[in-house]
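See below for input.tsv, which holds TSV, C-alpha atoms.
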```tsv
chain	number	residue	atom	x	y	z
A	16	MET	CA	88.38	78.80	144.76
A	17	PRO	CA	86.72	75.37	145.22
A	18	ASP	CA	86.62	72.95	142.34
A	19	ALA	CA	83.36	73.45	140.46
A	20	PRO	CA	81.42	70.40	139.27
A	21	ALA	CA	79.85	72.36	136.46
A	22	PRO	CA	81.77	74.25	133.78
A	23	VAL	CA	82.18	77.98	133.94
A	24	THR	CA	80.87	79.24	130.65
A	25	ALA	CA	79.18	82.16	128.94
A	26	PRO	CA	76.92	82.11	125.90
A	27	GLY	CA	78.08	83.33	122.51
A	28	THR	CA	76.11	85.38	120.06
A	29	SER	CA	73.03	83.51	118.93
A	30	ARG	CA	72.83	85.14	115.49
A	31	SER	CA	75.83	85.54	113.20
A	32	THR	CA	74.77	88.98	111.95
A	33	SER	CA	74.57	90.64	115.39
A	34	ALA	CA	77.24	93.34	115.76
A	35	THR	CA	78.31	92.43	119.29
A	36	ILE	CA	81.99	91.43	118.99
A	37	ALA	CA	84.81	93.80	119.91
A	38	PRO	CA	87.24	93.55	116.96
A	39	ASN	CA	90.45	92.81	118.89
A	40	ILE	CA	91.23	89.77	116.72
A	41	LEU	CA	90.76	91.76	113.51
A	42	ARG	CA	93.08	94.53	114.69
A	43	TYR	CA	95.86	92.06	115.45
A	44	LEU	CA	95.09	90.17	112.25
A	45	ALA	CA	95.68	93.36	110.27
A	46	ARG	CA	99.05	93.86	112.00
A	47	VAL	CA	100.23	90.31	111.34
A	48	ALA	CA	99.01	90.43	107.74
A	49	GLU	CA	101.01	93.63	107.23
A	50	GLU	CA	104.13	91.68	108.25
A	51	HIS	CA	103.31	89.39	105.31
A	52	GLY	CA	103.13	92.43	103.04
A	53	VAL	CA	99.33	92.22	102.84
A	54	ASP	CA	97.19	95.32	103.41
A	55	LEU	CA	93.83	94.19	104.78
A	56	GLN	CA	92.31	97.68	104.83
A	57	PRO	CA	90.55	97.36	101.43
A	58	LEU	CA	89.00	94.12	102.65
A	59	LEU	CA	88.01	95.66	105.98
A	60	THR	CA	86.50	98.68	104.23
A	61	ARG	CA	84.49	96.40	101.94
A	62	VAL	CA	82.71	94.88	104.96
A	63	GLY	CA	82.12	98.33	106.49
A	64	LEU	CA	85.21	98.62	108.71
A	65	ASP	CA	87.05	101.69	107.44
A	66	PRO	CA	90.09	103.10	109.33
A	67	THR	CA	87.95	105.53	111.36
A	68	VAL	CA	85.59	102.78	112.42
A	69	MET	CA	88.43	100.35	113.24
A	70	GLY	CA	89.99	103.00	115.48
A	71	SER	CA	86.85	103.38	117.58
A	72	ALA	CA	86.87	101.85	121.06
A	73	ALA	CA	83.09	101.46	120.78
A	74	LEU	CA	83.24	99.46	117.55
A	75	ARG	CA	81.43	96.12	117.45
A	76	VAL	CA	81.47	93.75	114.50
A	77	SER	CA	79.30	90.78	113.66
A	78	TYR	CA	80.47	87.19	113.69
A	79	ARG	CA	79.77	87.17	109.96
A	80	GLN	CA	81.98	90.20	109.30
A	81	GLY	CA	84.81	88.76	111.37
A	82	SER	CA	84.61	85.35	109.67
A	83	ASP	CA	84.67	86.90	106.20
A	84	VAL	CA	87.77	88.95	106.95
A	85	ILE	CA	89.56	85.97	108.49
A	86	ARG	CA	88.75	83.62	105.61
A	87	GLN	CA	90.04	86.04	102.99
A	88	ALA	CA	93.08	87.05	105.07
A	89	VAL	CA	94.22	83.42	105.28
A	90	GLY	CA	93.97	83.19	101.51
A	91	LEU	CA	95.76	86.49	100.88
A	92	THR	CA	98.68	85.71	103.20
A	93	GLY	CA	98.92	82.01	102.31
A	94	ASP	CA	99.85	81.39	105.95
A	95	GLU	CA	98.29	78.17	107.25
A	96	HIS	CA	99.43	79.10	110.77
A	97	LEU	CA	97.98	82.62	110.72
A	98	GLY	CA	95.81	81.93	113.76
A	99	LEU	CA	98.81	80.92	115.85
A	100	ARG	CA	100.68	84.09	114.88
A	101	VAL	CA	97.74	86.40	115.61
A	102	GLY	CA	97.27	84.84	119.05
A	103	ALA	CA	100.97	85.06	119.85
A	104	ALA	CA	101.06	88.75	118.90
A	105	GLN	CA	98.62	89.77	121.65
A	106	HIS	CA	99.01	91.21	125.12
A	107	LEU	CA	96.60	91.43	128.05
A	108	THR	CA	96.21	95.15	127.40
A	109	ALA	CA	94.36	94.21	124.19
A	110	TRP	CA	91.58	92.84	126.40
A	111	GLY	CA	91.09	96.16	128.16
A	112	LEU	CA	89.38	95.97	131.54
A	113	ILE	CA	89.14	92.19	131.33
A	114	GLY	CA	92.91	91.99	131.00
A	115	LEU	CA	93.30	94.20	134.06
A	116	ALA	CA	90.85	92.07	136.03
A	117	MET	CA	92.69	88.90	135.05
A	118	MET	CA	96.03	90.33	136.13
A	119	ALA	CA	94.51	91.37	139.49
A	120	ALA	CA	92.88	87.96	140.11
A	121	ASP	CA	94.12	85.72	142.91
A	122	THR	CA	95.17	82.61	140.96
A	123	LEU	CA	95.50	81.58	137.33
A	124	GLN	CA	92.26	79.62	137.68
A	125	ASP	CA	90.50	82.77	138.92
A	126	ALA	CA	91.98	84.72	136.02
A	127	ILE	CA	90.77	82.17	133.47
A	128	GLU	CA	87.30	82.04	134.97
A	129	THR	CA	87.13	85.82	134.89
A	130	GLY	CA	88.01	85.77	131.20
A	131	VAL	CA	85.38	83.10	130.56
A	132	ARG	CA	82.67	85.00	132.42
A	133	TYR	CA	83.27	88.23	130.51
A	134	GLN	CA	84.29	86.73	127.17
A	135	ASN	CA	81.62	88.60	125.22
A	136	VAL	CA	83.12	91.88	126.41
A	137	SER	CA	86.63	90.84	125.32
A	138	GLY	CA	85.68	90.16	121.70
A	139	ALA	CA	86.00	86.36	121.80
A	140	MET	CA	84.81	84.58	118.65
A	141	THR	CA	84.87	81.16	120.32
A	142	VAL	CA	82.68	80.06	123.22
A	143	TRP	CA	84.90	79.34	126.22
A	144	SER	CA	84.20	77.07	129.18
A	145	ALA	CA	86.45	75.86	132.01
A	146	ARG	CA	86.20	73.17	134.66
A	147	TRP	CA	88.14	70.64	136.68
A	148	GLU	CA	88.19	67.17	135.14
A	149	ASP	CA	90.02	63.95	135.94
A	150	VAL	CA	93.02	65.02	133.84
A	151	GLY	CA	93.32	68.48	135.39
A	152	TYR	CA	91.92	71.95	134.81
A	153	VAL	CA	90.38	71.95	131.33
A	154	LEU	CA	89.76	74.97	129.12
A	155	ARG	CA	87.49	74.25	126.15
A	156	ALA	CA	86.90	76.39	123.06
A	157	ASP	CA	83.76	75.67	121.02
A	158	LEU	CA	82.54	77.33	117.84
A	159	PRO	CA	79.12	79.05	117.84
A	160	ASP	CA	78.43	77.86	114.29
A	161	PRO	CA	79.20	74.17	113.59
A	162	ALA	CA	78.88	74.84	109.84
A	163	LEU	CA	81.64	77.46	109.91
A	164	ASP	CA	84.14	77.41	107.06
A	165	PRO	CA	86.89	74.93	108.12
A	166	THR	CA	89.62	77.47	107.40
A	167	VAL	CA	87.99	80.04	109.68
A	168	ALA	CA	87.25	77.41	112.33
A	169	ALA	CA	90.90	76.31	112.47
A	170	PHE	CA	92.07	79.93	112.60
A	171	LEU	CA	89.78	80.78	115.50
A	172	VAL	CA	90.80	77.79	117.61
A	173	GLU	CA	94.50	78.33	116.87
A	174	GLU	CA	94.20	82.02	117.78
A	175	ALA	CA	92.23	81.21	120.92
A	176	TYR	CA	94.71	78.77	122.44
A	177	SER	CA	97.75	80.62	121.14
A	178	SER	CA	96.59	83.79	122.88
A	179	VAL	CA	95.86	81.90	126.11
A	180	VAL	CA	99.37	80.42	126.23
A	181	THR	CA	101.03	83.69	125.23
A	182	LEU	CA	99.15	85.81	127.77
A	183	THR	CA	99.61	83.24	130.53
A	184	ARG	CA	103.36	83.27	130.00
A	185	LEU	CA	103.36	87.05	130.13
A	186	SER	CA	101.39	86.90	133.39
A	187	VAL	CA	102.79	84.01	135.43
A	188	GLY	CA	106.07	83.10	133.77
A	189	ALA	CA	107.72	82.09	130.50
A	190	THR	CA	108.07	78.46	131.62
A	191	PHE	CA	104.31	77.87	131.58
A	192	ALA	CA	103.19	75.00	129.33
A	193	PRO	CA	99.87	73.15	129.10
A	194	GLN	CA	99.72	69.47	129.95
A	195	THR	CA	98.13	68.66	126.59
A	196	VAL	CA	96.26	70.50	123.84
A	197	GLU	CA	93.67	68.82	121.61
A	198	PHE	CA	92.28	70.22	118.36
A	199	ALA	CA	89.13	69.08	116.58
A	200	PHE	CA	90.59	69.93	113.15
A	201	PRO	CA	93.00	67.72	111.15
A	202	ALA	CA	96.75	68.09	111.59
A	203	PRO	CA	98.30	70.72	109.29
A	204	ARG	CA	101.10	69.79	106.93
A	205	ASP	CA	103.67	71.31	109.27
A	206	THR	CA	103.06	70.90	113.01
A	207	ARG	CA	106.39	72.38	114.12
A	208	PRO	CA	104.94	75.84	114.91
A	209	PHE	CA	102.44	74.12	117.23
A	210	ASP	CA	105.22	72.19	118.97
A	211	GLU	CA	107.33	75.33	119.37
A	212	LEU	CA	104.48	77.38	120.80
A	213	PHE	CA	102.71	74.94	123.12
A	214	ARG	CA	105.71	72.80	124.23
A	215	CYS	CA	103.47	69.87	125.18
A	216	PRO	CA	101.85	66.77	123.63
A	217	LEU	CA	99.36	67.69	120.91
A	218	ARG	CA	96.45	65.80	119.40
A	219	PHE	CA	94.59	66.62	116.19
A	220	ASP	CA	91.26	65.26	114.89
A	221	ALA	CA	90.15	65.09	118.53
A	222	ALA	CA	86.53	64.99	119.67
A	223	GLY	CA	86.74	68.65	120.70
A	224	ASN	CA	89.09	71.55	121.36
A	225	ARG	CA	90.61	71.13	124.82
A	226	MET	CA	93.59	72.52	126.70
A	227	VAL	CA	94.55	70.78	129.93
A	228	ILE	CA	96.33	73.04	132.42
A	229	PRO	CA	98.44	71.32	135.08
A	230	THR	CA	97.10	71.66	138.61
A	231	ARG	CA	100.18	73.46	139.91
A	232	TRP	CA	99.76	76.15	137.27
A	233	ALA	CA	96.00	76.49	137.69
A	234	ARG	CA	96.48	77.15	141.40
A	235	ALA	CA	99.53	79.37	140.98
A	236	ALA	CA	99.22	82.88	142.41
A	237	MET	CA	98.98	85.74	139.92
A	238	PRO	CA	101.99	88.10	140.38
A	239	GLY	CA	99.77	91.18	140.10
A	240	ARG	CA	96.93	89.99	142.34
A	241	ASP	CA	95.09	92.82	144.07
A	242	PRO	CA	91.66	92.08	145.64
A	243	ILE	CA	90.57	95.73	145.75
A	244	THR	CA	91.42	96.42	142.11
A	245	TYR	CA	89.87	93.09	141.11
A	246	ALA	CA	86.56	93.86	142.85
A	247	SER	CA	86.44	97.40	141.43
A	248	VAL	CA	87.01	96.25	137.87
A	249	LEU	CA	84.40	93.50	138.18
A	250	ASP	CA	81.80	96.12	139.14
A	251	VAL	CA	82.52	97.99	135.90
A	252	LEU	CA	82.46	94.79	133.84
A	253	GLU	CA	79.09	93.78	135.28
A	254	THR	CA	77.64	97.11	134.18
A	255	GLU	CA	79.11	96.69	130.69
A	256	MET	CA	77.78	93.12	130.48
A	257	ALA	CA	74.27	94.33	131.29
A	258	SER	CA	74.54	97.02	128.61
A	259	ARG	CA	75.87	94.49	126.11
A	260	ARG	CA	72.96	92.13	126.77
A	261	ASP	CA	70.52	94.95	126.10
A	262	GLN	CA	72.29	95.75	122.83
A	263	GLN	CA	72.36	92.14	121.74
A	264	ASP	CA	68.70	91.70	122.60
A	265	LEU	CA	67.81	94.72	120.45
A	266	LEU	CA	69.81	93.49	117.48
A	267	GLU	CA	68.38	89.99	117.65
A	268	VAL	CA	64.81	91.28	117.95
A	269	LEU	CA	65.33	93.43	114.85
A	270	GLU	CA	66.94	90.59	112.91
A	271	ILE	CA	64.12	88.22	113.73
A	272	SER	CA	61.55	90.88	112.80
A	273	ILE	CA	63.22	91.44	109.43
A	274	ALA	CA	63.71	87.72	108.71
A	275	GLN	CA	60.07	86.95	109.48
A	276	SER	CA	58.91	89.80	107.23
A	277	LEU	CA	60.89	88.82	104.12
A	278	PRO	CA	60.46	89.22	101.21
A	279	ALA	CA	59.07	92.55	102.40
A	280	VAL	CA	61.36	94.64	104.59
A	281	PRO	CA	59.76	96.79	107.29
A	282	SER	CA	60.61	100.45	106.88
A	283	PHE	CA	62.59	102.11	109.64
A	284	PRO	CA	59.53	104.05	110.89
A	285	GLU	CA	57.54	100.80	110.95
A	286	GLN	CA	60.32	99.02	112.82
A	287	ALA	CA	60.44	101.84	115.38
A	288	ARG	CA	56.68	101.45	115.93
A	289	ARG	CA	57.15	97.69	116.40
A	290	GLN	CA	59.74	98.38	119.10
A	291	ALA	CA	57.51	100.98	120.77
A	292	SER	CA	60.26	103.52	120.17
A	293	SER	CA	60.69	106.82	118.40
A	294	GLU	CA	62.82	106.78	115.26
A	295	ARG	CA	65.36	109.05	116.91
A	296	THR	CA	65.71	106.78	119.94
A	297	LEU	CA	66.02	103.62	117.85
A	298	ARG	CA	68.63	105.25	115.61
A	299	ARG	CA	70.61	106.32	118.70
A	300	ARG	CA	70.44	102.83	120.22
A	301	LEU	CA	71.70	101.29	116.98
A	302	ALA	CA	74.54	103.81	116.86
A	303	GLU	CA	75.51	102.70	120.36
A	304	CYS	CA	75.64	99.15	118.98
A	305	GLY	CA	77.96	100.35	116.21
A	306	THR	CA	75.53	99.57	113.40
A	307	THR	CA	72.59	100.88	111.36
A	308	TYR	CA	69.21	99.52	110.36
A	309	GLU	CA	70.40	99.23	106.76
A	310	ALA	CA	73.37	97.11	107.84
A	311	ILE	CA	71.10	94.78	109.82
A	312	VAL	CA	68.78	94.35	106.83
A	313	ASP	CA	71.79	93.61	104.64
A	314	GLY	CA	73.05	91.00	107.10
A	315	VAL	CA	69.70	89.24	107.39
A	316	ARG	CA	69.29	89.15	103.61
A	317	ARG	CA	72.76	87.76	103.26
A	318	GLU	CA	72.05	84.99	105.73
A	319	GLN	CA	68.79	84.24	103.94
A	320	VAL	CA	70.47	84.08	100.53
A	321	GLU	CA	73.14	81.70	101.77
A	322	GLN	CA	70.51	79.39	103.25
A	323	LEU	CA	68.44	79.47	100.06
A	324	LEU	CA	71.46	78.77	97.84
A	325	ARG	CA	71.94	75.50	99.71
A	326	ARG	CA	68.59	74.32	98.32
A	327	ARG	CA	69.43	72.98	94.88
A	328	GLU	CA	65.81	73.07	93.69
A	329	LEU	CA	65.58	76.86	93.95
A	330	THR	CA	66.38	79.01	90.94
A	331	LEU	CA	67.99	82.44	91.19
A	332	ARG	CA	64.57	83.95	90.51
A	333	ASP	CA	63.13	82.02	93.45
A	334	ILE	CA	65.93	83.23	95.71
A	335	THR	CA	65.59	86.81	94.46
A	336	ARG	CA	61.91	86.81	95.30
A	337	GLN	CA	62.20	85.14	98.71
A	338	ALA	CA	65.09	87.36	99.84
A	339	GLY	CA	63.27	90.53	98.79
A	340	PHE	CA	65.55	91.77	95.98
A	341	ALA	CA	64.11	93.85	93.15
A	342	ASP	CA	65.53	91.56	90.45
A	343	VAL	CA	68.20	88.92	89.78
A	344	SER	CA	70.73	91.62	88.89
A	345	ALA	CA	70.35	93.14	92.37
A	346	LEU	CA	70.89	89.70	93.89
A	347	ARG	CA	74.05	89.19	91.81
A	348	ARG	CA	75.43	92.58	92.85
A	349	ALA	CA	74.79	91.84	96.51
A	350	VAL	CA	76.47	88.42	96.40
A	351	ARG	CA	79.42	89.89	94.52
A	352	ARG	CA	79.76	92.57	97.22
A	353	TRP	CA	79.50	90.02	100.04
A	354	HIS	CA	81.68	87.26	98.63
A	355	GLY	CA	83.40	88.47	95.47
A	356	VAL	CA	81.79	85.66	93.41
A	357	THR	CA	78.56	85.01	91.51
A	358	PRO	CA	75.54	83.39	93.20
A	359	LEU	CA	76.13	80.14	91.30
A	360	GLU	CA	79.81	80.09	92.29
A	361	LEU	CA	78.81	80.69	95.89
A	362	ARG	CA	76.24	77.87	95.71
A	363	THR	CA	78.88	75.47	94.41
A	364	GLY	CA	81.27	76.43	97.20
A	365	LEU	CA	78.63	76.10	99.92
A	366	LEU	CA	77.49	72.68	98.70
A	367	GLU	CA	81.04	71.39	98.31
A	368	ARG	CA	81.93	72.58	101.80
A	369	GLU	CA	78.99	70.70	103.31
A	370	ALA	CA	79.38	67.52	101.26
A	371	PRO	CA	80.34	64.38	103.27
A	372	THR	CA	84.11	63.87	103.34
A	373	GLY	CA	83.92	60.11	103.67
A	374	ARG	CA	85.69	60.12	107.05
```
Structure rendered as structure tokens:
Amino acid sequence: MPDAPAPVTAPGTSRSTSATIAPNILRYLARVAEEHGVDLQPLLTRVGLDPTVMGSAALRVSYRQGSDVIRQAVGLTGDEHLGLRVGAAQHLTAWGLIGLAMMAADTLQDAIETGVRYQNVSGAMTVWSARWEDVGYVLRADLPDPALDPTVAAFLVEEAYSSVVTLTRLSVGATFAPQTVEFAFPAPRDTRPFDELFRCPLRFDAAGNRMVIPTRWARAAMPGRDPITYASVLDVLETEMASRRDQQDLLEVLEISIAQSLPAVPSFPEQARRQASSERTLRRRLAECGTTYEAIVDGVRREQVEQLLRRRELTLRDITRQAGFADVSALRRAVRRWHGVTPLELRTGLLEREAPTGR
């Protein structure tokens, strides 16, 4: 494949409440947490992911749900390298058809670019891009939300690059190592697990997250390359991508409709009329997205509350009214369900997280 002057990339979810992410990371996170003696199922159930739901191949979770589970899992396990371990526990089979397409690709570069193109199907929670640069073939991992909790941000980037290295070694050989890996987050107290996993020079507090893949590896032939299988799987992935875009469009339209209507919330029949749809059809389409209208309303309200809590001048009564809750007690119950803390405790945490660090 010729060197591309522009990066190969694919957009991430534009709204954090859209249920469009396949929960591969959460499934492996639950397995690794269990090795720490931590049962994540109560936490998963609390955000609407009970065992039956987690076992569904059609399940999609929102970026918000995934971030919440990750943040609390890091705290429960006390493992500052949890992202590395979750990434290293994976196999290409976890990526389903994308994993098969990557194994059937011609070269490692082709495999990576296939993964980048169909990242939304794989369940990626970072936004991947890849291109040739002066230093070599560069794979970047950006975060859709720059205000993401630093603990979650570090986990996601660790998991992303750890899984890339692990799956590449499984595919092309155990001797694979990047040329360099750069992380935008500060160095952890113990960097030895990073050294042991990546086996290359590392840089923390970098301008961005970047893995440089040596040219000889990028152009190495994939052992399982098969042009016919590759083309066949891509046809299926293109169909799934089109379906996923339709689902994401529906969810985002509903979220915007609800957000613009607050403090009033359109009833389900009213929302169906707005979408020129019957109630039965809209309910079926939401089921195909793995969600319900009530869950979307809850997610939009949650996002609204968190934004309003960042405004110091607003009282809890103001926030209750603007977010469409019946009274302050209902607001408190909702925040407790979402975060396990009171609204004032959540406000303090949000403001502290966003305060300048002096660096």
- Write out as a ChimeraX atom specification which residues come within 12 Å of Arg317 (chain A) when counting all atoms listed in the file, dropping same-chain ones fewer than 6 positions away. /A:31-32,79-80,270,273-274,277,310-311,323-324,334-335,337-340,346-354,358,361
List every residue of region 203-294 of chain A that has an atom at most 12 Å from any atom of region 86-95 of chain A, and for each one report the closest atom pair and its distance in Å to one decimal, counting only C-alpha atoms, with rows sorted by chain and then by increasing residue number, as JSON lines.
```
{"residue": "A:Pro203", "atom": "CA", "partner": "A:Glu95", "partner_atom": "CA", "distance": 7.7}
{"residue": "A:Arg204", "atom": "CA", "partner": "A:Glu95", "partner_atom": "CA", "distance": 8.8}
{"residue": "A:Asp205", "atom": "CA", "partner": "A:Glu95", "partner_atom": "CA", "distance": 8.9}
{"residue": "A:Thr206", "atom": "CA", "partner": "A:Glu95", "partner_atom": "CA", "distance": 10.4}
{"residue": "A:Pro208", "atom": "CA", "partner": "A:Glu95", "partner_atom": "CA", "distance": 10.4}
{"residue": "A:Phe209", "atom": "CA", "partner": "A:Glu95", "partner_atom": "CA", "distance": 11.5}
```
- Message: Between A:Ala119, A:Ala345, A:Val320, A:Leu217, which residue has the minimum interatomic distance to Leu365 (chain A), considering only C-alpha atoms?
- Response: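 Of all the options, A:Val320 lies closest to Leu365 (chain A).
Between CA of Phe219 (chain A) and CA of Ala169 (chain A) the interatomic distance comes to 11.0 Å.
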- Check the smallest atom-to-atom distance from each of A:Met237, A:Ala45, A:Leu212, A:Leu249 to Thr181 (chain A) using all atoms listed in the file, then report the winner. A:Leu212
- Item | Residue with smallest distance to Gly223 (chain A) - pool A:Leu182, A:Ala156, A:Val142, A:Leu99, counting all atoms listed in the file |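 Closest to Gly223 (chain A), using all atoms listed in the file: A:Ala156.
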- Across A:Trp232, A:Tyr78, A:Tyr133, A:Tyr43, the smallest distance to Arg260 (chain A), with only C-alpha atoms counted, is shown by A:Tyr133
- Query: Between CA of Val136 (chain A) and CA of Thr60 (chain A), what is the distance, to one decimal in Å?
  - Reply: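 CA of Thr60 (chain A) lies at a distance of 23.4 Å from CA of Val136 (chain A).
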- Message: Just the number, please: distance in Å from CA of Thr307 (chain A) to CA of Leu55 (chain A), one decimal.
- Response: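 Between these atoms lies a distance of 23.2 Å.
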- Would you kindly return, as a PyMOL selection string, each protein, DNA or RNA residue with an atom no farther than 7 Å from any atom of Tyr152 (chain A), considering all atoms listed in the file and excluding same-chain residues fewer than 5 positions away? chain A and resi 146-147+227-230+233
- Message: Using only C-alpha atoms for the distances, tell me which of A:Arg231, A:Val187, A:Ile113, A:Asp121 is nearest to Asp250 (chain A).
- Response: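 Closest to Asp250 (chain A) of all the choices is A:Ile113.
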- Item | For Ala103 (chain A), the nearest of the candidates A:Ser177, A:Gln290, A:Ser82, A:Gln56, counting only C-alpha atoms |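 When distances to Ala103 (chain A) are compared using only C-alpha atoms, the smallest one comes from A:Ser177.
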Spatial neighbours of Thr183 (chain A), 12 Å, only C-alpha atoms, chain gap at least 3 places, as a PDB file with C-alpha atoms, in the coordinates of the input:
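Printed below is part_24.pdb as written:
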```pdb
ATOM      1  CA  GLY A 102      97.270  84.840 119.050  1.00  0.00           C
ATOM      2  CA  ALA A 103     100.970  85.060 119.850  1.00  0.00           C
ATOM      3  CA  GLN A 105      98.620  89.770 121.650  1.00  0.00           C
ATOM      4  CA  HIS A 106      99.010  91.210 125.120  1.00  0.00           C
ATOM      5  CA  LEU A 107      96.600  91.430 128.050  1.00  0.00           C
ATOM      6  CA  GLY A 114      92.910  91.990 131.000  1.00  0.00           C
ATOM      7  CA  MET A 117      92.690  88.900 135.050  1.00  0.00           C
ATOM      8  CA  MET A 118      96.030  90.330 136.130  1.00  0.00           C
ATOM      9  CA  THR A 122      95.170  82.610 140.960  1.00  0.00           C
ATOM     10  CA  LEU A 123      95.500  81.580 137.330  1.00  0.00           C
ATOM     11  CA  GLN A 124      92.260  79.620 137.680  1.00  0.00           C
ATOM     12  CA  ALA A 126      91.980  84.720 136.020  1.00  0.00           C
ATOM     13  CA  ILE A 127      90.770  82.170 133.470  1.00  0.00           C
ATOM     14  CA  GLY A 130      88.010  85.770 131.200  1.00  0.00           C
ATOM     15  CA  TYR A 176      94.710  78.770 122.440  1.00  0.00           C
ATOM     16  CA  SER A 177      97.750  80.620 121.140  1.00  0.00           C
ATOM     17  CA  SER A 178      96.590  83.790 122.880  1.00  0.00           C
ATOM     18  CA  VAL A 179      95.860  81.900 126.110  1.00  0.00           C
ATOM     19  CA  VAL A 180      99.370  80.420 126.230  1.00  0.00           C
ATOM     20  CA  SER A 186     101.390  86.900 133.390  1.00  0.00           C
ATOM     21  CA  VAL A 187     102.790  84.010 135.430  1.00  0.00           C
ATOM     22  CA  GLY A 188     106.070  83.100 133.770  1.00  0.00           C
ATOM     23  CA  ALA A 189     107.720  82.090 130.500  1.00  0.00           C
ATOM     24  CA  THR A 190     108.070  78.460 131.620  1.00  0.00           C
ATOM     25  CA  PHE A 191     104.310  77.870 131.580  1.00  0.00           C
ATOM     26  CA  ALA A 192     103.190  75.000 129.330  1.00  0.00           C
ATOM     27  CA  PRO A 193      99.870  73.150 129.100  1.00  0.00           C
ATOM     28  CA  PHE A 213     102.710  74.940 123.120  1.00  0.00           C
ATOM     29  CA  ILE A 228      96.330  73.040 132.420  1.00  0.00           C
ATOM     30  CA  TRP A 232      99.760  76.150 137.270  1.00  0.00           C
ATOM     31  CA  ALA A 233      96.000  76.490 137.690  1.00  0.00           C
ATOM     32  CA  ALA A 235      99.530  79.370 140.980  1.00  0.00           C
ATOM     33  CA  ALA A 236      99.220  82.880 142.410  1.00  0.00           C
ATOM     34  CA  MET A 237      98.980  85.740 139.920  1.00  0.00           C
ATOM     35  CA  PRO A 238     101.990  88.100 140.380  1.00  0.00           C
TER      36      PRO A 238
END
```
- Message: I'd like the neighbourhood of Arg218 (chain A) as an NGL selection string, where a residue qualifies if any of its atoms comes within 7 Å (using all atoms listed in the file), though same-chain residues fewer than 4 positions away should be ignored.
- Response: :A and (196-198)
Selected residues, C-alpha atoms, written as a PDB file, in the coordinates of the input, please.
```
ATOM      1  CA  VAL A 196      96.260  70.500 123.840  1.00  0.00           C
ATOM      2  CA  GLU A 197      93.670  68.820 121.610  1.00  0.00           C
ATOM      3  CA  PHE A 198      92.280  70.220 118.360  1.00  0.00           C
TER       4      PHE A 198
END
```
